[in-house]
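structure.tsv (TSV, C-alpha atoms)
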chain	number	residue	atom	x	y	z
A	8	MET	CA	-7.91	-22.02	-9.28
A	9	LEU	CA	-7.11	-18.45	-10.18
A	10	SER	CA	-7.59	-17.05	-13.66
A	11	THR	CA	-5.02	-17.43	-16.43
A	12	THR	CA	-5.79	-14.39	-18.54
A	13	PRO	CA	-2.76	-12.68	-20.13
A	14	ARG	CA	-2.62	-10.00	-17.46
A	15	THR	CA	-2.86	-12.42	-14.56
A	16	THR	CA	-0.20	-14.76	-15.95
A	17	LEU	CA	3.27	-13.87	-14.73
A	18	GLY	CA	5.85	-13.17	-17.38
A	19	ARG	CA	8.81	-13.30	-15.00
A	20	SER	CA	9.55	-14.88	-11.64
A	21	LYS	CA	6.90	-17.52	-12.27
A	22	ASP	CA	7.98	-19.24	-9.07
A	23	ARG	CA	6.43	-16.32	-7.19
A	24	GLY	CA	3.00	-16.85	-8.70
A	25	ARG	CA	0.28	-18.66	-6.79
A	26	THR	CA	-2.61	-20.30	-8.55
A	27	ASP	CA	-4.95	-21.31	-5.75
A	28	ARG	CA	-7.95	-19.18	-4.86
A	29	ALA	CA	-7.19	-19.84	-1.18
A	30	ASP	CA	-3.97	-17.84	-1.62
A	31	LEU	CA	-6.00	-14.93	-2.97
A	32	TYR	CA	-8.40	-15.08	-0.03
A	33	ALA	CA	-5.50	-15.28	2.43
A	34	VAL	CA	-3.84	-12.13	1.04
A	35	LEU	CA	-7.11	-10.20	0.93
A	36	ASP	CA	-8.38	-11.32	4.33
A	37	ALA	CA	-5.11	-10.34	6.03
A	38	GLY	CA	-5.16	-6.81	4.59
A	39	LEU	CA	-6.53	-3.54	5.88
A	40	ILE	CA	-6.49	-1.23	2.87
A	41	CYS	CA	-6.16	-1.70	-0.85
A	42	HIS	CA	-4.87	0.54	-3.61
A	43	LEU	CA	-7.61	1.00	-6.17
A	44	GLY	CA	-6.62	1.97	-9.69
A	45	VAL	CA	-9.01	3.73	-12.02
A	46	VAL	CA	-8.61	5.60	-15.29
A	47	ARG	CA	-9.76	9.21	-15.11
A	48	ASP	CA	-9.59	11.33	-18.29
A	49	GLY	CA	-7.20	8.78	-19.75
A	50	ALA	CA	-4.75	8.96	-16.85
A	51	PRO	CA	-4.33	6.49	-14.00
A	52	MET	CA	-5.36	7.33	-10.46
A	53	VAL	CA	-4.40	5.16	-7.48
A	54	ILE	CA	-6.61	5.59	-4.42
A	55	PRO	CA	-5.88	4.02	-1.03
A	56	THR	CA	-9.12	2.85	0.48
A	57	GLY	CA	-10.74	0.25	2.70
A	58	TYR	CA	-12.35	-2.86	1.30
A	59	GLY	CA	-14.14	-6.00	2.31
A	60	ARG	CA	-14.68	-9.43	0.78
A	61	ILE	CA	-17.78	-11.61	0.59
A	62	GLY	CA	-17.08	-14.82	-1.25
A	63	ASP	CA	-15.75	-13.92	-4.67
A	64	THR	CA	-16.76	-10.28	-4.54
A	65	LEU	CA	-14.75	-7.35	-3.22
A	66	TYR	CA	-16.53	-4.27	-1.93
A	67	VAL	CA	-15.30	-0.71	-1.60
A	68	HIS	CA	-17.31	2.27	-0.52
A	69	GLY	CA	-17.18	6.00	-0.74
A	70	SER	CA	-19.10	9.20	-0.38
A	71	THR	CA	-21.41	10.27	-3.15
A	72	GLY	CA	-19.67	13.62	-2.78
A	73	ALA	CA	-16.17	12.28	-3.38
A	74	SER	CA	-15.07	12.44	-6.98
A	75	SER	CA	-12.33	9.91	-6.27
A	76	LEU	CA	-14.82	7.19	-5.43
A	77	ARG	CA	-17.06	7.79	-8.41
A	78	ILE	CA	-15.72	4.54	-9.75
A	79	SER	CA	-16.84	3.09	-13.01
A	80	GLY	CA	-15.37	1.08	-15.81
A	81	GLU	CA	-12.35	-1.11	-15.44
A	82	VAL	CA	-10.47	-1.06	-12.17
A	83	CYS	CA	-7.45	-2.76	-10.68
A	84	VAL	CA	-7.32	-3.44	-6.96
A	85	THR	CA	-3.98	-4.28	-5.37
A	86	VAL	CA	-3.43	-5.46	-1.81
A	87	THR	CA	0.18	-5.71	-0.67
A	88	HIS	CA	1.79	-7.04	2.49
A	89	LEU	CA	5.45	-6.09	2.86
A	90	ASP	CA	7.07	-8.79	4.98
A	91	GLY	CA	10.74	-7.95	4.84
A	92	ILE	CA	13.65	-6.27	3.13
A	93	VAL	CA	15.88	-8.78	1.32
A	94	LEU	CA	19.49	-7.69	1.67
A	95	ALA	CA	21.75	-9.30	-0.90
A	96	ARG	CA	25.51	-9.11	-1.47
A	97	SER	CA	24.97	-7.14	-4.67
A	98	ALA	CA	22.75	-4.10	-5.14
A	99	PHE	CA	21.17	-5.86	-8.12
A	100	HIS	CA	19.75	-8.73	-6.07
A	101	HIS	CA	18.15	-6.62	-3.36
A	102	SER	CA	14.47	-7.37	-3.11
A	103	VAL	CA	11.54	-7.47	-0.73
A	104	ASN	CA	9.55	-10.30	0.75
A	105	TYR	CA	5.87	-9.75	0.17
A	106	ARG	CA	2.44	-11.18	-0.47
A	107	SER	CA	0.36	-9.30	-3.02
A	108	ALA	CA	-2.86	-9.70	-4.94
A	109	MET	CA	-3.98	-7.86	-8.05
A	110	ILE	CA	-7.61	-7.97	-9.09
A	111	TYR	CA	-8.85	-6.79	-12.47
A	112	GLY	CA	-12.49	-6.18	-13.04
A	113	THR	CA	-15.31	-3.86	-13.92
A	114	ALA	CA	-16.73	-1.76	-11.11
A	115	ARG	CA	-20.38	-2.49	-10.46
A	116	ALA	CA	-22.42	0.10	-8.56
A	117	VAL	CA	-24.41	-1.79	-5.95
A	118	ASP	CA	-28.08	-0.75	-5.86
A	119	ASP	CA	-29.75	-3.54	-3.93
A	120	PRO	CA	-30.26	-2.30	-0.34
A	121	ASP	CA	-29.38	-5.64	1.25
A	122	GLU	CA	-26.21	-6.02	-0.79
A	123	ARG	CA	-25.29	-2.41	-0.06
A	124	MET	CA	-25.59	-3.02	3.68
A	125	ALA	CA	-23.71	-6.33	3.44
A	126	GLY	CA	-20.93	-4.62	1.50
A	127	LEU	CA	-20.60	-1.86	4.09
A	128	ARG	CA	-20.53	-4.45	6.82
A	129	ALA	CA	-17.72	-6.28	5.03
A	130	VAL	CA	-15.70	-3.06	4.65
A	131	THR	CA	-16.12	-2.20	8.34
A	132	GLU	CA	-15.38	-5.73	9.54
A	133	GLN	CA	-12.23	-5.88	7.42
A	134	LEU	CA	-10.78	-2.95	9.39
A	135	ALA	CA	-12.22	-3.92	12.75
A	136	PRO	CA	-13.63	-7.44	13.03
A	137	GLY	CA	-16.47	-7.61	15.52
A	138	GLN	CA	-17.19	-3.90	15.29
A	139	TRP	CA	-20.32	-3.93	13.15
A	140	ASP	CA	-22.51	-5.53	15.81
A	141	THR	CA	-21.52	-3.00	18.47
A	142	VAL	CA	-22.13	0.33	16.72
A	143	ARG	CA	-25.04	2.35	15.40
A	144	LEU	CA	-25.77	1.08	11.89
A	145	PRO	CA	-26.21	3.39	8.90
A	146	ASP	CA	-29.57	5.10	8.68
A	147	ARG	CA	-31.39	6.05	5.48
A	148	LYS	CA	-29.72	9.43	5.23
A	149	GLU	CA	-26.26	7.95	5.63
A	150	MET	CA	-26.99	5.21	3.11
A	151	ALA	CA	-28.06	7.86	0.60
A	152	LYS	CA	-24.68	9.56	1.00
A	153	THR	CA	-22.75	6.33	0.48
A	154	THR	CA	-21.74	4.59	-2.73
A	155	VAL	CA	-20.98	0.89	-2.61
A	156	VAL	CA	-19.04	-0.65	-5.46
A	157	ALA	CA	-18.53	-4.35	-6.12
A	158	ILE	CA	-15.65	-5.92	-8.02
A	159	SER	CA	-15.62	-9.59	-8.98
A	160	LEU	CA	-12.61	-11.65	-7.93
A	161	ALA	CA	-12.85	-13.70	-11.13
A	162	GLU	CA	-9.67	-12.24	-12.63
A	163	ALA	CA	-6.85	-12.03	-10.13
A	164	SER	CA	-3.23	-12.90	-9.62
A	165	VAL	CA	-1.26	-13.53	-6.44
A	166	LYS	CA	2.47	-13.16	-6.00
A	167	VAL	CA	4.49	-14.18	-2.99
A	168	ARG	CA	8.21	-13.87	-2.30
A	169	GLN	CA	9.66	-15.19	0.94
A	170	GLY	CA	13.08	-16.35	2.03
A	171	PRO	CA	16.72	-15.31	1.76
A	172	PRO	CA	18.39	-13.41	-1.08
A	173	ASN	CA	19.39	-15.15	-4.29
A	174	ASP	CA	22.89	-13.93	-5.00
A	175	ASP	CA	25.14	-14.69	-7.94
A	176	ASP	CA	27.38	-17.69	-7.26
A	177	GLU	CA	30.58	-15.67	-7.28
A	178	ASP	CA	29.17	-13.10	-4.81
A	179	TYR	CA	28.71	-15.56	-1.92
A	180	ALA	CA	32.42	-15.16	-1.18
A	181	LEU	CA	32.06	-11.40	-0.61
A	182	PRO	CA	32.49	-10.23	3.00
A	183	VAL	CA	29.00	-8.66	2.95
A	184	TRP	CA	26.23	-9.48	5.41
A	185	ALA	CA	23.15	-10.83	3.66
A	186	GLY	CA	19.77	-11.89	4.89
A	187	VAL	CA	16.31	-10.57	5.58
A	188	LEU	CA	15.20	-7.69	7.76
A	189	PRO	CA	11.63	-8.72	8.63
A	190	LEU	CA	8.88	-6.22	9.24
A	191	ARG	CA	5.38	-6.58	10.52
A	192	VAL	CA	2.41	-4.45	11.37
A	193	GLU	CA	1.84	-4.17	15.12
A	194	TRP	CA	-1.25	-2.93	16.92
A	195	GLY	CA	-0.69	-0.33	19.59
A	196	THR	CA	-2.70	0.30	22.74
A	197	PRO	CA	-6.22	1.57	21.99
A	198	VAL	CA	-6.49	5.34	22.49
A	199	PRO	CA	-9.92	6.33	23.86
A	200	ASP	CA	-11.74	9.25	22.26
A	201	PRO	CA	-11.24	12.24	24.61
A	202	LYS	CA	-15.01	12.62	24.47
A	203	LEU	CA	-15.63	9.04	25.61
A	204	ALA	CA	-18.21	8.86	28.40
A	205	PRO	CA	-16.77	7.49	31.64
A	206	GLY	CA	-17.18	3.80	32.40
A	207	ILE	CA	-17.07	2.47	28.84
A	208	GLU	CA	-14.41	-0.23	28.61
A	209	VAL	CA	-12.42	-1.14	25.50
A	210	PRO	CA	-14.36	-4.06	24.01
A	211	LYS	CA	-12.69	-7.45	23.81
A	212	HIS	CA	-12.57	-7.55	19.98
A	213	ILE	CA	-10.42	-4.41	20.01
A	214	ALA	CA	-8.40	-4.97	23.19
A	215	GLU	CA	-7.38	-8.49	22.22
A	216	ARG	CA	-6.54	-7.83	18.63
B	13	MET	CA	4.03	24.78	-2.03
B	14	LEU	CA	2.33	21.84	-3.68
B	15	SER	CA	0.48	22.05	-6.98
B	16	THR	CA	-3.12	23.18	-7.27
B	17	THR	CA	-4.18	21.41	-10.43
B	18	PRO	CA	-7.75	20.09	-10.47
B	19	ARG	CA	-6.69	16.55	-9.63
B	20	THR	CA	-4.47	17.59	-6.74
B	21	THR	CA	-7.08	19.89	-5.22
B	22	LEU	CA	-9.26	18.12	-2.69
B	23	GLY	CA	-12.96	18.23	-3.33
B	24	ARG	CA	-13.91	16.92	0.11
B	25	SER	CA	-12.32	16.84	3.55
B	26	LYS	CA	-10.21	19.85	2.66
B	27	ASP	CA	-8.96	19.94	6.22
B	28	ARG	CA	-7.04	16.76	5.45
B	29	GLY	CA	-5.10	18.33	2.61
B	30	ARG	CA	-1.54	19.56	3.08
B	31	THR	CA	-0.04	22.17	0.86
B	32	ASP	CA	3.61	22.26	1.86
B	33	ARG	CA	6.25	20.40	-0.15
B	34	ALA	CA	7.86	19.38	3.14
B	35	ASP	CA	4.75	17.29	3.89
B	36	LEU	CA	5.17	15.51	0.57
B	37	TYR	CA	8.83	14.76	1.29
B	38	ALA	CA	7.97	13.52	4.78
B	39	VAL	CA	5.38	11.04	3.48
B	40	LEU	CA	7.65	9.81	0.70
B	41	ASP	CA	10.81	9.58	2.80
B	42	ALA	CA	9.05	7.54	5.50
B	43	GLY	CA	7.75	4.98	3.00
B	44	LEU	CA	9.14	1.70	1.76
B	45	ILE	CA	7.03	0.85	-1.27
B	46	CYS	CA	4.64	2.75	-3.49
B	47	HIS	CA	1.69	1.69	-5.59
B	48	LEU	CA	2.32	2.71	-9.18
B	49	GLY	CA	-0.66	3.14	-11.47
B	50	VAL	CA	-0.36	2.86	-15.21
B	51	VAL	CA	-2.85	2.46	-18.04
B	52	ARG	CA	-2.34	-0.69	-20.08
B	53	ASP	CA	-4.63	-1.32	-23.07
B	54	GLY	CA	-7.03	1.23	-21.64
B	55	ALA	CA	-7.32	-0.47	-18.25
B	56	PRO	CA	-5.65	0.52	-14.99
B	57	MET	CA	-2.87	-1.56	-13.46
B	58	VAL	CA	-1.60	-0.94	-9.93
B	59	ILE	CA	1.89	-2.29	-9.25
B	60	PRO	CA	3.52	-2.38	-5.80
B	61	THR	CA	7.18	-1.48	-6.17
B	62	GLY	CA	10.14	0.18	-4.50
B	63	TYR	CA	11.04	3.79	-5.14
B	64	GLY	CA	13.50	6.47	-4.19
B	65	ARG	CA	13.51	10.25	-4.15
B	66	ILE	CA	16.18	12.72	-5.20
B	67	GLY	CA	15.00	16.29	-4.75
B	68	ASP	CA	11.83	16.69	-6.75
B	69	THR	CA	12.18	13.50	-8.73
B	70	LEU	CA	10.93	10.05	-7.84
B	71	TYR	CA	12.67	6.99	-9.26
B	72	VAL	CA	11.39	3.48	-9.76
B	73	HIS	CA	13.20	0.62	-11.41
B	74	GLY	CA	12.45	-2.68	-13.01
B	75	SER	CA	13.76	-5.41	-15.20
B	76	THR	CA	13.84	-4.90	-18.94
B	77	GLY	CA	12.21	-8.35	-19.05
B	78	ALA	CA	9.25	-7.38	-16.88
B	79	SER	CA	6.25	-6.19	-18.82
B	80	SER	CA	4.81	-4.60	-15.67
B	81	LEU	CA	7.68	-2.14	-15.42
B	82	ARG	CA	7.63	-1.12	-19.06
B	83	ILE	CA	6.22	2.15	-17.88
B	84	SER	CA	5.40	4.97	-20.22
B	85	GLY	CA	2.88	7.71	-20.50
B	86	GLU	CA	1.01	9.10	-17.56
B	87	VAL	CA	1.40	7.45	-14.20
B	88	CYS	CA	0.09	7.93	-10.68
B	89	VAL	CA	2.26	6.99	-7.72
B	90	THR	CA	0.64	6.62	-4.32
B	91	VAL	CA	2.46	6.15	-1.02
B	92	THR	CA	0.27	5.37	2.00
B	93	HIS	CA	1.01	5.04	5.69
B	94	LEU	CA	-1.82	3.53	7.69
B	95	ASP	CA	-1.51	4.86	11.24
B	96	GLY	CA	-4.63	3.63	12.94
B	97	ILE	CA	-8.20	2.43	12.74
B	98	VAL	CA	-10.68	5.10	13.82
B	99	LEU	CA	-13.51	3.47	15.72
B	100	ALA	CA	-16.59	5.65	15.91
B	101	ARG	CA	-19.94	5.19	17.62
B	102	SER	CA	-21.69	4.82	14.26
B	103	ALA	CA	-20.59	2.60	11.39
B	104	PHE	CA	-20.83	5.63	9.11
B	105	HIS	CA	-18.09	7.56	10.88
B	106	HIS	CA	-15.54	4.78	10.98
B	107	SER	CA	-12.34	5.87	9.33
B	108	VAL	CA	-8.60	5.37	9.32
B	109	ASN	CA	-5.74	7.60	10.36
B	110	TYR	CA	-3.22	7.86	7.56
B	111	ARG	CA	-0.67	9.90	5.70
B	112	SER	CA	-0.74	9.57	1.93
B	113	ALA	CA	0.77	11.18	-1.13
B	114	MET	CA	-0.42	10.94	-4.72
B	115	ILE	CA	1.89	12.00	-7.53
B	116	TYR	CA	0.73	12.51	-11.09
B	117	GLY	CA	3.25	12.70	-13.88
B	118	THR	CA	4.63	11.36	-17.09
B	119	ALA	CA	7.11	8.53	-16.83
B	120	ARG	CA	10.53	9.45	-18.20
B	121	ALA	CA	12.90	6.61	-19.12
B	122	VAL	CA	16.29	7.53	-17.69
B	123	ASP	CA	19.12	7.08	-20.19
B	124	ASP	CA	21.98	9.03	-18.67
B	125	PRO	CA	24.31	6.50	-16.97
B	126	ASP	CA	24.99	8.73	-13.96
B	127	GLU	CA	21.33	9.47	-13.37
B	128	ARG	CA	20.52	5.78	-13.83
B	129	MET	CA	23.03	4.84	-11.14
B	130	ALA	CA	21.85	7.64	-8.84
B	131	GLY	CA	18.25	6.53	-9.30
B	132	LEU	CA	19.10	2.92	-8.42
B	133	ARG	CA	21.01	4.11	-5.39
B	134	ALA	CA	17.99	6.11	-4.25
B	135	VAL	CA	15.70	3.08	-4.66
B	136	THR	CA	18.06	0.84	-2.68
B	137	GLU	CA	18.66	3.41	0.05
B	138	GLN	CA	14.91	3.97	0.46
B	139	LEU	CA	14.52	0.32	1.49
B	140	ALA	CA	17.78	0.02	3.39
B	141	PRO	CA	19.55	3.27	4.21
B	142	GLY	CA	23.32	2.80	4.36
B	143	GLN	CA	23.23	-0.35	2.27
B	144	TRP	CA	24.49	1.00	-1.06
B	145	ASP	CA	28.01	1.65	0.17
B	146	THR	CA	28.42	-1.86	1.58
B	147	VAL	CA	27.41	-4.05	-1.37
B	148	ARG	CA	28.69	-4.90	-4.83
B	149	LEU	CA	27.38	-2.22	-7.17
B	150	PRO	CA	25.67	-2.99	-10.49
B	151	ASP	CA	28.00	-3.96	-13.32
B	152	ARG	CA	27.44	-3.26	-17.01
B	153	LYS	CA	25.49	-6.42	-17.60
B	154	GLU	CA	23.17	-5.74	-14.69
B	155	MET	CA	22.66	-2.13	-15.74
B	156	ALA	CA	21.69	-3.34	-19.21
B	157	LYS	CA	18.99	-5.51	-17.66
B	158	THR	CA	17.58	-2.66	-15.58
B	159	THR	CA	15.15	0.06	-16.50
B	160	VAL	CA	15.13	3.25	-14.45
B	161	VAL	CA	12.12	5.53	-14.70
B	162	ALA	CA	11.84	9.07	-13.32
B	163	ILE	CA	8.65	10.84	-12.32
B	164	SER	CA	8.57	14.55	-11.46
B	165	LEU	CA	7.08	15.56	-8.13
B	166	ALA	CA	5.69	18.75	-9.67
B	167	GLU	CA	2.07	17.60	-9.45
B	168	ALA	CA	1.26	15.98	-6.15
B	169	SER	CA	-1.22	16.03	-3.30
B	170	VAL	CA	-0.84	15.02	0.32
B	171	LYS	CA	-3.63	13.97	2.67
B	172	VAL	CA	-3.34	13.35	6.37
B	173	ARG	CA	-5.95	12.27	8.91
B	174	GLN	CA	-5.02	11.90	12.56
B	175	GLY	CA	-6.94	12.00	15.81
B	176	PRO	CA	-10.16	10.68	17.31
B	177	PRO	CA	-13.43	9.92	15.52
B	178	ASN	CA	-15.86	12.67	14.58
B	179	ASP	CA	-19.22	11.37	15.63
B	180	ASP	CA	-22.64	12.94	15.18
B	181	ASP	CA	-23.59	15.03	18.21
B	182	GLU	CA	-26.46	12.77	19.22
B	183	ASP	CA	-24.26	9.64	19.07
B	184	TYR	CA	-21.87	10.73	21.83
B	185	ALA	CA	-24.44	9.52	24.36
B	186	LEU	CA	-24.37	5.95	23.00
B	187	PRO	CA	-22.77	3.35	25.27
B	188	VAL	CA	-20.23	2.46	22.56
B	189	TRP	CA	-16.46	2.59	23.00
B	190	ALA	CA	-14.84	4.97	20.54
B	191	GLY	CA	-11.26	5.87	19.86
B	192	VAL	CA	-8.28	4.90	17.77
B	193	LEU	CA	-6.53	1.57	17.47
B	194	PRO	CA	-3.03	2.64	16.41
B	195	LEU	CA	-0.82	0.55	14.21
B	196	ARG	CA	2.77	0.80	13.22
B	197	VAL	CA	5.35	-1.02	11.19
B	198	GLU	CA	7.95	-2.74	13.37
B	199	TRP	CA	11.29	-4.16	12.31
B	200	GLY	CA	12.05	-7.69	13.44
B	201	THR	CA	15.40	-9.27	14.20
B	202	PRO	CA	17.60	-9.60	11.09
B	203	VAL	CA	17.58	-13.17	9.74
B	204	PRO	CA	20.96	-14.13	8.27
B	205	ASP	CA	21.08	-15.84	4.89
B	206	PRO	CA	21.61	-19.57	5.61
B	207	LYS	CA	24.50	-19.34	3.14
B	208	LEU	CA	26.18	-16.50	5.05
B	209	ALA	CA	29.89	-17.12	5.55
B	210	PRO	CA	30.85	-17.42	9.24
B	211	GLY	CA	32.15	-14.35	11.03
B	212	ILE	CA	30.14	-11.70	9.17
B	213	GLU	CA	28.28	-9.54	11.68
B	214	VAL	CA	25.00	-7.73	11.04
B	215	PRO	CA	26.09	-4.20	10.07
B	216	LYS	CA	25.11	-1.32	12.29
B	217	HIS	CA	22.81	0.36	9.75
B	218	ILE	CA	20.67	-2.80	9.73
B	219	ALA	CA	20.98	-3.89	13.36
B	220	GLU	CA	20.11	-0.46	14.70
B	221	ARG	CA	17.22	0.29	12.42
Represent the structure from my file as structure tokens, please.
Amino acid sequence: MLSTTPRTTLGRSKDRGRTDRADLYAVLDAGLICHLGVVRDGAPMVIPTGYGRIGDTLYVHGSTGASSLRISGEVCVTVTHLDGIVLARSAFHHSVNYRSAMIYGTARAVDDPDERMAGLRAVTEQLAPGQWDTVRLPDRKEMAKTTVVAISLAEASVKVRQGPPNDDDEDYALPVWAGVLPLRVEWGTPVPDPKLAPGIEVPKHIAER
Amino acid sequence: MLSTTPRTTLGRSKDRGRTDRADLYAVLDAGLICHLGVVRDGAPMVIPTGYGRIGDTLYVHGSTGASSLRISGEVCVTVTHLDGIVLARSAFHHSVNYRSAMIYGTARAVDDPDERMAGLRAVTEQLAPGQWDTVRLPDRKEMAKTTVVAISLAEASVKVRQGPPNDDDEDYALPVWAGVLPLRVEWGTPVPDPKLAPGIEVPKHIAER
């Protein structure tokens, strides 16, 4: 079950809320990037970045040189899938179909070398499953330049909206088309690096994605 | 030109920064949803939501009943387009191709009825251009239930990464495929509302999107 803290309990549209941890995992595992919220000098900052999940921990990484990824304190991580535009008969009832997760937690700087490497692996595999075992792994110098931050999935909420518009009863008689315009993310054809040595084929885990 | 405040000036990867306002407009106008950061009880909260732009003002809207859209104080709005996964020869140099905009500002509750209506129009048209003129517009009751919030585009930064991976010189000899796996958002076939009255065709602005 997901948490029921005040900020993870929906005030409105309760029918959109999901309470099962499996729903949280499904939203996170299907995503590519998250939007990470931090408070910097009292003001919010929302950073798009990669992430990975191991069990009930989310990992993000950054460069030790990047001020934006010097993450500490409370954070909010949001992952959103936009599945369609919901076109209603009235402007008021326009909406979107989506799956989203919001995670609230305290950023924990990961120091343990094994956990650091596992976190980086999770971040890489989230973007490109199967990739980690085919590339040169981080060396000591690269690890020293990299921050790895963990966020617990203990406090999280999931919202899902799917299906047709919900119009007002009297509007169904209007001569206005209504329905859903679906959208999805599609992979294109892999583009080889112009510097790719001849004879290296696109690996299966990328070609067949 | 875009602003050059400390938080909109890139510390790293300066080559990814754009300084022209046209780049900001291009990122915003191509988007569908933003991630809106606010500070609530000292902690960040990142809300996925629709938005619209009129000139140098961004509009978001919400329900007066939704605590999440009771926006005040400083906000950060981020719009991100993920264009591809950058697959390098080393784990360290993996990246993504993207276009993103971050806007920092103070939320202004819009009270003027004309600006409120214009803001709602912009939000609707961002998701479904051409839709506003075909649907029933908000009545007084609906307007009373709706909050419209404006955010100035005065302070904003734009980052863009495109192109192949940048590997370390010595890694180009590795027998590892490298390149970009592009991704794009594709529209599906419009799905009519099961309650749609017979004889209403999908309008051109939706069918031809």
- prompt: Do you know which residues lie at most 8 Å from (-7.8, -7.8, 4.4), with coordinates as in the file and only C-alpha atoms counted, and could you write them as a PyMOL selection string?
  reply: chain A and resi 34-40+58-60+86+133-134
query: What gap, in Å, lies between CA of Gly91 (chain A) and CA of Ala156 (chain B)?
result: 26.8 Å
When the cut-off is 6 Å and we count only C-alpha atoms, which residues of chain A are near chain B, given as an mmCIF file with C-alpha atoms, in the coordinates of the input?
data_model
loop_
_atom_site.group_PDB
_atom_site.id
_atom_site.type_symbol
_atom_site.label_atom_id
_atom_site.label_comp_id
_atom_site.auth_asym_id
_atom_site.auth_seq_id
_atom_site.Cartn_x
_atom_site.Cartn_y
_atom_site.Cartn_z
ATOM 1 C CA GLY A 44 -6.620 1.970 -9.690
ATOM 2 C CA VAL A 45 -9.010 3.730 -12.020
ATOM 3 C CA VAL A 46 -8.610 5.600 -15.290
ATOM 4 C CA ALA A 50 -4.750 8.960 -16.850
ATOM 5 C CA PRO A 51 -4.330 6.490 -14.000
ATOM 6 C CA MET A 52 -5.360 7.330 -10.460
ATOM 7 C CA VAL A 53 -4.400 5.160 -7.480
ATOM 8 C CA GLU A 81 -12.350 -1.110 -15.440
ATOM 9 C CA VAL A 82 -10.470 -1.060 -12.170
ATOM 10 C CA CYS A 83 -7.450 -2.760 -10.680
ATOM 11 C CA ARG A 96 25.510 -9.110 -1.470
ATOM 12 C CA SER A 97 24.970 -7.140 -4.670
ATOM 13 C CA ALA A 98 22.750 -4.100 -5.140
ATOM 14 C CA PHE A 99 21.170 -5.860 -8.120
ATOM 15 C CA VAL A 142 -22.130 0.330 16.720
ATOM 16 C CA ARG A 143 -25.040 2.350 15.400
ATOM 17 C CA LEU A 144 -25.770 1.080 11.890
ATOM 18 C CA PRO A 145 -26.210 3.390 8.900
ATOM 19 C CA PRO A 171 16.720 -15.310 1.760
ATOM 20 C CA TRP A 184 26.230 -9.480 5.410
ATOM 21 C CA ALA A 185 23.150 -10.830 3.660
ATOM 22 C CA GLY A 186 19.770 -11.890 4.890
ATOM 23 C CA VAL A 187 16.310 -10.570 5.580
ATOM 24 C CA LEU A 188 15.200 -7.690 7.760
ATOM 25 C CA PRO A 189 11.630 -8.720 8.630
ATOM 26 C CA LEU A 190 8.880 -6.220 9.240
ATOM 27 C CA ARG A 191 5.380 -6.580 10.520
ATOM 28 C CA VAL A 192 2.410 -4.450 11.370
ATOM 29 C CA GLU A 193 1.840 -4.170 15.120
ATOM 30 C CA TRP A 194 -1.250 -2.930 16.920
ATOM 31 C CA GLY A 195 -0.690 -0.330 19.590
ATOM 32 C CA PRO A 197 -6.220 1.570 21.990
ATOM 33 C CA VAL A 198 -6.490 5.340 22.490
ATOM 34 C CA PRO A 199 -9.920 6.330 23.860
ATOM 35 C CA ASP A 200 -11.740 9.250 22.260
ATOM 36 C CA ILE A 207 -17.070 2.470 28.840
#
- prompt: What lies within 6 Å of region 119-121 of chain B using only C-alpha atoms, ignoring chain neighbours under 3 positions off, as number ranges by chain?
  reply: B: 84-85, 161-163
query: What does the distance from CA of Pro125 (chain B) to CA of Ala34 (chain B) come to in Å, to one decimal?
result: 29.0 Å
query: By how many Å are CA of Ile83 (chain B) and CA of Val122 (chain B) apart?
result: 11.4 Å
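Close contacts of Val172 (chain B), defined as residues with an atom at most 8 Å away when counting only C-alpha atoms, with chain neighbours fewer than 5 positions off set aside, comprise Arg28, Gly29, Arg30, Asn109, Tyr110, Arg111 and Ser112 of chain B.
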Reconstructed region 98-105 of chain A, atom set N, CA and C atoms, as a PDB file, keeping the file's coordinate frame:
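File written: selection_27.pdb
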ATOM      1  N   ALA A  98      23.896  -5.009  -5.062  1.00  0.00           N
ATOM      2  CA  ALA A  98      22.750  -4.100  -5.140  1.00  0.00           C
ATOM      3  C   ALA A  98      21.663  -4.703  -6.032  1.00  0.00           C
ATOM      4  N   PHE A  99      22.087  -5.328  -7.114  1.00  0.00           N
ATOM      5  CA  PHE A  99      21.170  -5.860  -8.120  1.00  0.00           C
ATOM      6  C   PHE A  99      20.173  -6.862  -7.537  1.00  0.00           C
ATOM      7  N   HIS A 100      20.615  -7.667  -6.581  1.00  0.00           N
ATOM      8  CA  HIS A 100      19.750  -8.730  -6.070  1.00  0.00           C
ATOM      9  C   HIS A 100      18.964  -8.333  -4.822  1.00  0.00           C
ATOM     10  N   HIS A 101      19.014  -7.073  -4.454  1.00  0.00           N
ATOM     11  CA  HIS A 101      18.150  -6.620  -3.360  1.00  0.00           C
ATOM     12  C   HIS A 101      16.684  -6.789  -3.764  1.00  0.00           C
ATOM     13  N   SER A 102      15.870  -7.092  -2.806  1.00  0.00           N
ATOM     14  CA  SER A 102      14.470  -7.370  -3.110  1.00  0.00           C
ATOM     15  C   SER A 102      13.635  -7.129  -1.857  1.00  0.00           C
ATOM     16  N   VAL A 103      12.386  -7.478  -1.923  1.00  0.00           N
ATOM     17  CA  VAL A 103      11.540  -7.470  -0.730  1.00  0.00           C
ATOM     18  C   VAL A 103      10.767  -8.774  -0.671  1.00  0.00           C
ATOM     19  N   ASN A 104      10.481  -9.196   0.557  1.00  0.00           N
ATOM     20  CA  ASN A 104       9.550 -10.300   0.750  1.00  0.00           C
ATOM     21  C   ASN A 104       8.154  -9.724   0.890  1.00  0.00           C
ATOM     22  N   TYR A 105       7.210 -10.326   0.211  1.00  0.00           N
ATOM     23  CA  TYR A 105       5.870  -9.750   0.170  1.00  0.00           C
ATOM     24  C   TYR A 105       4.848 -10.798  -0.188  1.00  0.00           C
TER      25      TYR A 105
END
